[in-house]
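Peer 1: I have a structure I would like to understand better, so I am pasting it below and will then ask my questions one at a time.
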Number of protein chains: 2
Amino acid sequence: MRKAVVLLSGGLDSATTLAIAKQGGYICHALSLAYGQRHSAELAAAMRVAEVLGAAEHKTLALDLSVIGGSALTDARIAVPKQPSAGIPSTYVPARNMVFLALALGWAEVLGAQDIFIGVNAVDYSGYPDCRPEFIRAFERLANIATKAGLEGRPFRIHAPLQQLSKAEIIRRGLSLGVDYSLTVSCYSADSRGRACGVCDSCRFRKLGFLEAGIPDPTPYY
Amino acid sequence: MRKAVVLLSGGLDSATTLAIAKQGGYICHALSLAYGQRHSAELAAAMRVAEVLGAAEHKTLALDLSVIGGSALTDARIAVPKQPSAGIPSTYVPARNMVFLALALGWAEVLGAQDIFIGVNAVDYSGYPDCRPEFIRAFERLANIATKAGLEGRPFRIHAPLQQLSKAEIIRRGLSLGVDYSLTVSCYSADSRGRACGVCDSCRFRKLGFLEAGIPDPTPYY
């Protein structure tokens, strides 16, 4: 069995991704980032999800992106939009997925793992540039230039199994793998008990996904 | 005047890079990483260097890479080699420059800066894969795919002005720009007063650089 590093935010997509990696036969090392996000409910969710889905290990790395700010997710003074917006919304966190993947890559190299999973999606998403297939491909290329393992012929593969799925398809896939979505927190503005606002971009995509999949939404809303 | 983000470790190379960026007319925003390195003397040096060389701003971001470990610089159980080694030495920190550049990129995007400076060198160096020109080029390409600014036609440029210089050339260049190298700490195993071991890879390259440049070495050794 091969090891993989799986980025795990505690939301719906990354939980599904962990279940897919697990089903693919990988020993899963889950990585969460305490990056200064607005609430810690998603990190608590990541811990539950890692345990229930049987990750071999789960680490949470602290990295305070509020030092940099510039996003509604990392600067408390910027409000999370309650309406869909044109273009890339203010919840975009500059370079976030690059930082997260680079950290996953570093851990993978230390573990001797060559596979990294990330739950990015470019169908029902907010248009973040670092969720697109072009980004994932270019990152993989860079990973194999940047590392000792890459140079020595043990290339890394970046798996983004949700990339081309709709939210409804992701939900169906996860349910078929036994994911309990009531454990996950997707909301940008969740309260301390993990209850969701129901109106942010992330909530909207999630809500619509359950609706389209014809599956009762287990999300607690406040 | 344009803004630039300059990665500043507190060592000889990054201090020279800051001086070069400054001379190039940039308003310099210096970024240091408290990444779990063996000592904080280099971070103290970075603060001094940023001030003396007139950085507009200096931020230190905490990111505990010892959670990942795997390097003599981030795992206290792995000794820093006191002899040159064949191949990439154990001081290699997997994905370090990718993580640092990604954070610099994030900050640059928030600041509206398009220029990022890093003091990597591929001449008198330890063979780290993420110091090579191929890496810098591939990172720049990724930066412009990963970000909103890149997509919207405000491309980032990654400047690595020391890339092809010998250590002696770097030192001469820095001195011509007024860099006071007695403020910098390059040693992997510096003591709390910033004094250097004189035998680690980083010390060796630095020592030889002063020797080849024919300039008295201002480094305090213990």
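Residues in the structure tokens are numbered from 1 in each chain, the chains being A, B, ... in the order shown, and ligands are numbered from 1 in the order shown.
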Hey, what does DSSP flag as alpha helix (DSSP H) within stretch 112-151 of chain A? Can you give it to me as number ranges by chain?
Peer 2: A: 133-146, 148-151
Peer 1: Take the residues just selected and output them with C-alpha atoms as a PDB file, in the first residue's frame.
Peer 2:
ATOM      1  CA  PRO A 133      -6.945  22.181 -13.958  1.00  0.00           C
ATOM      2  CA  GLU A 134      -4.226  24.423 -15.484  1.00  0.00           C
ATOM      3  CA  PHE A 135      -3.086  25.293 -11.991  1.00  0.00           C
ATOM      4  CA  ILE A 136      -2.966  21.675 -10.850  1.00  0.00           C
ATOM      5  CA  ARG A 137      -0.978  20.616 -13.915  1.00  0.00           C
ATOM      6  CA  ALA A 138       1.508  23.478 -13.553  1.00  0.00           C
ATOM      7  CA  PHE A 139       1.890  22.747  -9.842  1.00  0.00           C
ATOM      8  CA  GLU A 140       2.675  19.094 -10.534  1.00  0.00           C
ATOM      9  CA  ARG A 141       5.319  20.132 -13.016  1.00  0.00           C
ATOM     10  CA  LEU A 142       6.849  22.529 -10.499  1.00  0.00           C
ATOM     11  CA  ALA A 143       6.769  19.894  -7.749  1.00  0.00           C
ATOM     12  CA  ASN A 144       8.966  17.639  -9.812  1.00  0.00           C
ATOM     13  CA  ILE A 145      11.468  20.411 -10.501  1.00  0.00           C
ATOM     14  CA  ALA A 146      11.514  21.693  -6.915  1.00  0.00           C
ATOM     15  CA  LYS A 148      14.980  15.986  -4.444  1.00  0.00           C
ATOM     16  CA  ALA A 149      12.523  13.146  -5.047  1.00  0.00           C
ATOM     17  CA  GLY A 150      11.396  14.691  -8.324  1.00  0.00           C
ATOM     18  CA  LEU A 151      14.999  15.083  -9.497  1.00  0.00           C
TER      19      LEU A 151
END
Peer 1: Quick one: which residues from chain B are at most 7 Å off chain A, using only C-alpha atoms, as a PyMOL selection string?
Peer 2: chain B and resi 61-64+67-68+70+94-95+98-99+102-103+105-107+109-110+129-130+135+138-139+142+145-148
Peer 1: Quick one: everything within 8 Å of B:Lys82, counting only C-alpha atoms, minus sequence neighbours fewer than 2 positions away in the same chain. Send it as a ChimeraX atom specification.
Peer 2: /B:80,84,199-201
Peer 1: Name all residues at most 9 Å from stretch 159-174 of chain B (count only C-alpha atoms; drop same-chain ones fewer than 6 positions away) and give them as an MDAnalysis selection string.
Peer 2: chainID B and resid 12:13 15:17 19:21 115:125 131:133 136 180:181 205:206 208:215
Peer 1: Just the residues within 7 Å of stretch 219-221 of chain A, please, counting only C-alpha atoms, with nothing from its chain fewer than 2 positions along; format it as a list in words.
Peer 2: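 Result of the neighbour search: Ser182, Arg195, Ala196, Cys197, Gly198 and Asp217 of chain A.
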Peer 1: So, with only C-alpha atoms as the atoms that count, which of B:Ile158, B:Ala190, B:Cys203, B:Ala4 lies closest to B:Gly25?
Peer 2: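 Result for the nearest residue to B:Gly25: B:Ala4.
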Peer 1: A:Arg157, A:Ala76, A:Leu43, A:Val179: which is nearest A:Lys22, counting only C-alpha atoms?
Peer 2: A:Val179
Peer 1: For A:Ala113, which residue among A:Ser14, A:Gln23, A:Pro89, A:Arg154 is the nearest when counting only C-alpha atoms?
Peer 2: A:Arg154
Peer 1: So that I can check the surroundings of B:Tyr26, please list as a count of residues only every protein, DNA and RNA residue that reaches within 6 Å of it, counting only C-alpha atoms and ignoring chain neighbours fewer than 6 positions away.
Peer 2: 4
Peer 1: Out of A:Leu8, A:Ile27, A:Leu18, A:Ala45, which residue has the shortest atom-to-atom distance to A:Gly194 when counting only C-alpha atoms?
Peer 2: A:Ala45
Peer 1: Run DSSP on the backbone and tell me which residues of stretch 2-221 of chain A come out as strand (DSSP E or B); list them as a PyMOL selection string.
Peer 2: chain A and resi 3-7+27-34+57-63+115-117+157-159+196+221
Peer 1: Figure out the distance between atom CA of A:Gly24 and atom CA of A:Gly10, please, to one decimal in Å.
Peer 2: 20.0 Å
Peer 1: For a test of reading the model, state the distance in Å between atom CA of A:Gln114 and atom CA of A:Gly153, rounded to one decimal.
Peer 2: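 Separation of atom CA of A:Gln114 and atom CA of A:Gly153: 10.7 Å.
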